[in-house]
Amino acid sequence: MSTDDQNADRQRDSILETYDEDEITWYVDIDSGSKLARPQYQQLRDDVDAGEPDVVVTTEIDRLGRSFSELASLVEDIRVQGIELDCTQQPVSTVDSDGWMGDLMLNLLIVFADAERKMIRDRVQQGIDKAKRDGKRVGRPPHGYDVDDDGFLFQDPAEYAKTQEFIREVRKGRQKTSTAEYFGIPQSSIQSILKRADQNYGVRFDNDAWRVERARVESGEKELEPLV
């Protein structure tokens with residue numbers, strides 16, 4: 001599951017580090033992880049109900065949707081059918097694990113994924129509400145967010161995920177403007193995104209640390225893979 005073609009390719013590469021291509025049936029929706037009406041996701045659910053997969057593999061548990069109830073339902077269906085679940089980029093797998101420990105870690109991961117999304121959303125909303133109470137003018141929402149008809153902030157999952165990925169890539173020492181262009185982020189949003197990276201997107205960013213990494217890249221001391 002992914003939010004865009006580039007992200008799907010990275011997830012595919014991660015899975016292929018552990019599993020052979022000819023062993024895999026891919027379920028890929030180029031869409032938001034928070035939307036449940038996804039044809040490939042629904043096909044996965046149908047196949048799980050039929051007990052067809054031996055293992056359901058994902059890079060991270062929240063790629064299966066960030067709703068607690070939906071994740072819990074899917075995991076329960078997987079367990080009932082005796083199917084294994086493996087998250088290749090997280091320390092959670094029921095494959096060759098000691099049963100209860102794998103289940104415990106999986107349940108915790110689902111709870112944390114849901115809680116993180118809610119905490120970040122609420123933290124940003126609280127900042128906007130405080131600004132309104134203080135009589136400050138509240139402008140457009142942060143990149144990756146939107147406002148509903150009642151004036152409440154909500155995450156645009158596709159743009160939000162791309163913004164998180166943008167921050168992570170810049171943090172490695174990449175040039176800010178070209179990286180923003182790659183992810184389709186307006187140049188006018190770069191400064192505010194990086195300034196509030198932790199608060200708005202749950203990704204730490206330190207500009208001084210970035211300068212150090214950028215200098216290493218420019219000097220040739222550090223080499224980065226091209227963004228593809």
# chains A, B, ... in the order shown; residues from 1 in each chain; ligands from 1
>>> residues_around(residues="A:Arg174", least_positions_apart="3", cutoff="12 Å", atoms="only C-alpha atoms", output="VMD selection string")
chain A and resid 166 to 171 177 to 182 207 209 to 218 222 to 227
>>> write_last_selection(atoms="N, CA and C atoms", output="CSV table (one decimal), in the first residue's frame")
chain,number,residue,atom,x,y,z
A,166,PHE,N,9.8,14.2,2.1
A,166,PHE,CA,10.6,15.3,1.8
A,166,PHE,C,11.5,15.7,2.9
A,167,ILE,N,11.0,15.8,4.1
A,167,ILE,CA,11.8,16.2,5.3
A,167,ILE,C,12.9,15.2,5.5
A,168,ARG,N,12.6,13.9,5.4
A,168,ARG,CA,13.6,12.9,5.7
A,168,ARG,C,14.7,12.9,4.6
A,169,GLU,N,14.3,13.2,3.4
A,169,GLU,CA,15.4,13.3,2.3
A,169,GLU,C,16.2,14.5,2.5
A,170,VAL,N,15.6,15.6,2.8
A,170,VAL,CA,16.4,16.9,3.0
A,170,VAL,C,17.4,16.7,4.2
A,171,ARG,N,16.9,16.0,5.2
A,171,ARG,CA,17.7,15.8,6.4
A,171,ARG,C,19.0,15.1,6.1
A,177,THR,N,15.6,23.0,-2.4
A,177,THR,CA,14.6,23.4,-3.5
A,177,THR,C,14.4,22.3,-4.5
A,178,SER,N,15.5,21.6,-4.9
A,178,SER,CA,15.4,20.5,-5.9
A,178,SER,C,14.6,19.4,-5.3
A,179,THR,N,14.8,19.1,-4.0
A,179,THR,CA,14.1,18.0,-3.4
A,179,THR,C,12.6,18.3,-3.3
A,180,ALA,N,12.3,19.6,-2.9
A,180,ALA,CA,10.9,20.0,-2.9
A,180,ALA,C,10.3,19.9,-4.3
A,181,GLU,N,11.0,20.2,-5.3
A,181,GLU,CA,10.5,20.1,-6.7
A,181,GLU,C,10.2,18.6,-7.0
A,182,TYR,N,11.1,17.8,-6.6
A,182,TYR,CA,10.9,16.3,-6.8
A,182,TYR,C,9.6,15.8,-6.2
A,207,ASN,N,18.3,22.5,11.3
A,207,ASN,CA,18.9,23.2,10.1
A,207,ASN,C,20.4,23.2,10.2
A,209,ALA,N,22.2,20.8,11.7
A,209,ALA,CA,22.6,19.5,11.3
A,209,ALA,C,22.6,19.3,9.8
A,210,TRP,N,21.5,19.9,9.2
A,210,TRP,CA,21.4,19.8,7.7
A,210,TRP,C,22.6,20.4,7.0
A,211,ARG,N,23.0,21.6,7.5
A,211,ARG,CA,24.2,22.3,6.9
A,211,ARG,C,25.4,21.4,7.0
A,212,VAL,N,25.6,20.7,8.1
A,212,VAL,CA,26.8,19.8,8.2
A,212,VAL,C,26.7,18.6,7.1
A,213,GLU,N,25.5,18.0,7.0
A,213,GLU,CA,25.3,16.9,6.1
A,213,GLU,C,25.4,17.5,4.6
A,214,ARG,N,24.9,18.7,4.4
A,214,ARG,CA,25.0,19.3,3.1
A,214,ARG,C,26.4,19.5,2.7
A,215,ALA,N,27.2,20.0,3.6
A,215,ALA,CA,28.6,20.2,3.3
A,215,ALA,C,29.4,18.9,3.0
A,216,ARG,N,29.0,17.8,3.7
A,216,ARG,CA,29.6,16.5,3.4
A,216,ARG,C,29.3,16.1,2.0
A,217,VAL,N,28.0,16.3,1.6
A,217,VAL,CA,27.6,15.9,0.3
A,217,VAL,C,28.4,16.7,-0.8
A,218,GLU,N,28.4,18.0,-0.6
A,218,GLU,CA,29.1,18.9,-1.6
A,218,GLU,C,30.6,18.6,-1.7
A,222,LYS,N,30.2,12.5,1.4
A,222,LYS,CA,29.0,11.6,1.6
A,222,LYS,C,28.3,11.6,0.2
A,223,GLU,N,27.9,10.4,-0.2
A,223,GLU,CA,27.3,10.2,-1.5
A,223,GLU,C,25.8,9.8,-1.2
A,224,LEU,N,24.9,10.4,-1.9
A,224,LEU,CA,23.5,10.1,-1.8
A,224,LEU,C,23.0,9.4,-3.1
A,225,GLU,N,22.1,8.4,-2.9
A,225,GLU,CA,21.5,7.8,-4.1
A,225,GLU,C,20.6,8.8,-4.8
A,226,PRO,N,20.5,8.8,-6.1
A,226,PRO,CA,19.5,9.7,-6.8
A,226,PRO,C,18.1,9.4,-6.4
A,227,LEU,N,17.3,10.4,-6.3
A,227,LEU,CA,15.9,10.2,-6.1
A,227,LEU,C,15.2,9.7,-7.3
>>> residues_around(residues="A:Phe183", least_positions_apart="6", cutoff="9 Å", atoms="only C-alpha atoms", output="number ranges by chain")
A: 162-163, 165-166
>>> atom_distance(atom1="atom CA of A:Glu60", atom2="atom CA of A:Val203")
16.2 Å
>>> residues_around(residues="stretch 39-54 of chain A", least_positions_apart="2", cutoff="8 Å", atoms="only C-alpha atoms", output="MDAnalysis selection string")
chainID A and resid 1 27:29 36:37 56 64 74 77:78 81:84
>>> atom_distance(atom1="atom CA of A:Ala72", atom2="atom CA of A:Asp122")
22.4 Å
>>> residues_around(residues="A:Val57", least_positions_apart="5", cutoff="8 Å", atoms="only C-alpha atoms", output="list in words")
Ile15, Leu85, Asp86, Cys87 and Thr88 of chain A
>>> write_last_selection(atoms="N, CA and C atoms", output="PDB file, in the first residue's frame")
ATOM      1  N   ILE A  15      10.674  -4.883   0.237  1.00  0.00           N
ATOM      2  CA  ILE A  15      10.114  -6.230   0.380  1.00  0.00           C
ATOM      3  C   ILE A  15      10.954  -7.248  -0.382  1.00  0.00           C
ATOM      4  N   LEU A  85       2.009 -12.520   9.343  1.00  0.00           N
ATOM      5  CA  LEU A  85       2.114 -11.106   8.985  1.00  0.00           C
ATOM      6  C   LEU A  85       3.542 -10.646   9.232  1.00  0.00           C
ATOM      7  N   ASP A  86       4.132  -9.978   8.243  1.00  0.00           N
ATOM      8  CA  ASP A  86       5.530  -9.556   8.346  1.00  0.00           C
ATOM      9  C   ASP A  86       5.663  -8.099   7.923  1.00  0.00           C
ATOM     10  N   CYS A  87       6.230  -7.263   8.807  1.00  0.00           N
ATOM     11  CA  CYS A  87       6.520  -5.860   8.506  1.00  0.00           C
ATOM     12  C   CYS A  87       8.034  -5.745   8.315  1.00  0.00           C
ATOM     13  N   THR A  88       8.476  -5.556   7.085  1.00  0.00           N
ATOM     14  CA  THR A  88       9.904  -5.663   6.786  1.00  0.00           C
ATOM     15  C   THR A  88      10.736  -4.522   7.349  1.00  0.00           C
TER      16      THR A  88
END
>>> residues_around(residues="stretch 139-148 of chain A", least_positions_apart="4", cutoff="7 Å", atoms="only C-alpha atoms", output="PyMOL selection string")
chain A and resi 152-156+159-160+163+189
>>> write_last_selection(atoms="N, CA, C and O atoms", output="PDB file, in the first residue's frame")
ATOM      1  N   PHE A 152     -12.361  22.795  10.898  1.00  0.00           N
ATOM      2  CA  PHE A 152     -11.407  21.949  11.605  1.00  0.00           C
ATOM      3  C   PHE A 152     -10.348  21.421  10.644  1.00  0.00           C
ATOM      4  O   PHE A 152     -10.631  21.077   9.491  1.00  0.00           O
ATOM      5  N   LEU A 153      -9.147  21.338  11.173  1.00  0.00           N
ATOM      6  CA  LEU A 153      -8.008  20.894  10.381  1.00  0.00           C
ATOM      7  C   LEU A 153      -8.025  19.379  10.219  1.00  0.00           C
ATOM      8  O   LEU A 153      -8.364  18.651  11.142  1.00  0.00           O
ATOM      9  N   PHE A 154      -7.667  18.902   9.035  1.00  0.00           N
ATOM     10  CA  PHE A 154      -7.487  17.468   8.830  1.00  0.00           C
ATOM     11  C   PHE A 154      -6.323  17.241   7.873  1.00  0.00           C
ATOM     12  O   PHE A 154      -5.965  18.117   7.092  1.00  0.00           O
ATOM     13  N   GLN A 155      -5.724  16.065   7.974  1.00  0.00           N
ATOM     14  CA  GLN A 155      -4.587  15.735   7.125  1.00  0.00           C
ATOM     15  C   GLN A 155      -5.059  15.275   5.753  1.00  0.00           C
ATOM     16  O   GLN A 155      -6.010  14.510   5.640  1.00  0.00           O
ATOM     17  N   ASP A 156      -4.379  15.766   4.719  1.00  0.00           N
ATOM     18  CA  ASP A 156      -4.522  15.211   3.377  1.00  0.00           C
ATOM     19  C   ASP A 156      -3.479  14.098   3.295  1.00  0.00           C
ATOM     20  O   ASP A 156      -2.290  14.374   3.148  1.00  0.00           O
ATOM     21  N   GLU A 159      -0.587  14.097   0.495  1.00  0.00           N
ATOM     22  CA  GLU A 159       0.352  15.214   0.592  1.00  0.00           C
ATOM     23  C   GLU A 159       1.129  15.175   1.903  1.00  0.00           C
ATOM     24  O   GLU A 159       2.308  15.528   1.959  1.00  0.00           O
ATOM     25  N   TYR A 160       0.467  14.735   2.961  1.00  0.00           N
ATOM     26  CA  TYR A 160       1.124  14.645   4.267  1.00  0.00           C
ATOM     27  C   TYR A 160       2.281  13.644   4.213  1.00  0.00           C
ATOM     28  O   TYR A 160       3.388  13.917   4.682  1.00  0.00           O
ATOM     29  N   THR A 163       5.158  15.005   2.255  1.00  0.00           N
ATOM     30  CA  THR A 163       5.876  16.030   3.010  1.00  0.00           C
ATOM     31  C   THR A 163       6.811  15.391   4.031  1.00  0.00           C
ATOM     32  O   THR A 163       7.949  15.846   4.220  1.00  0.00           O
ATOM     33  N   SER A 189       6.597  26.889   0.487  1.00  0.00           N
ATOM     34  CA  SER A 189       6.252  26.127   1.694  1.00  0.00           C
ATOM     35  C   SER A 189       7.463  25.515   2.380  1.00  0.00           C
ATOM     36  O   SER A 189       7.342  24.999   3.497  1.00  0.00           O
TER      37      SER A 189
END
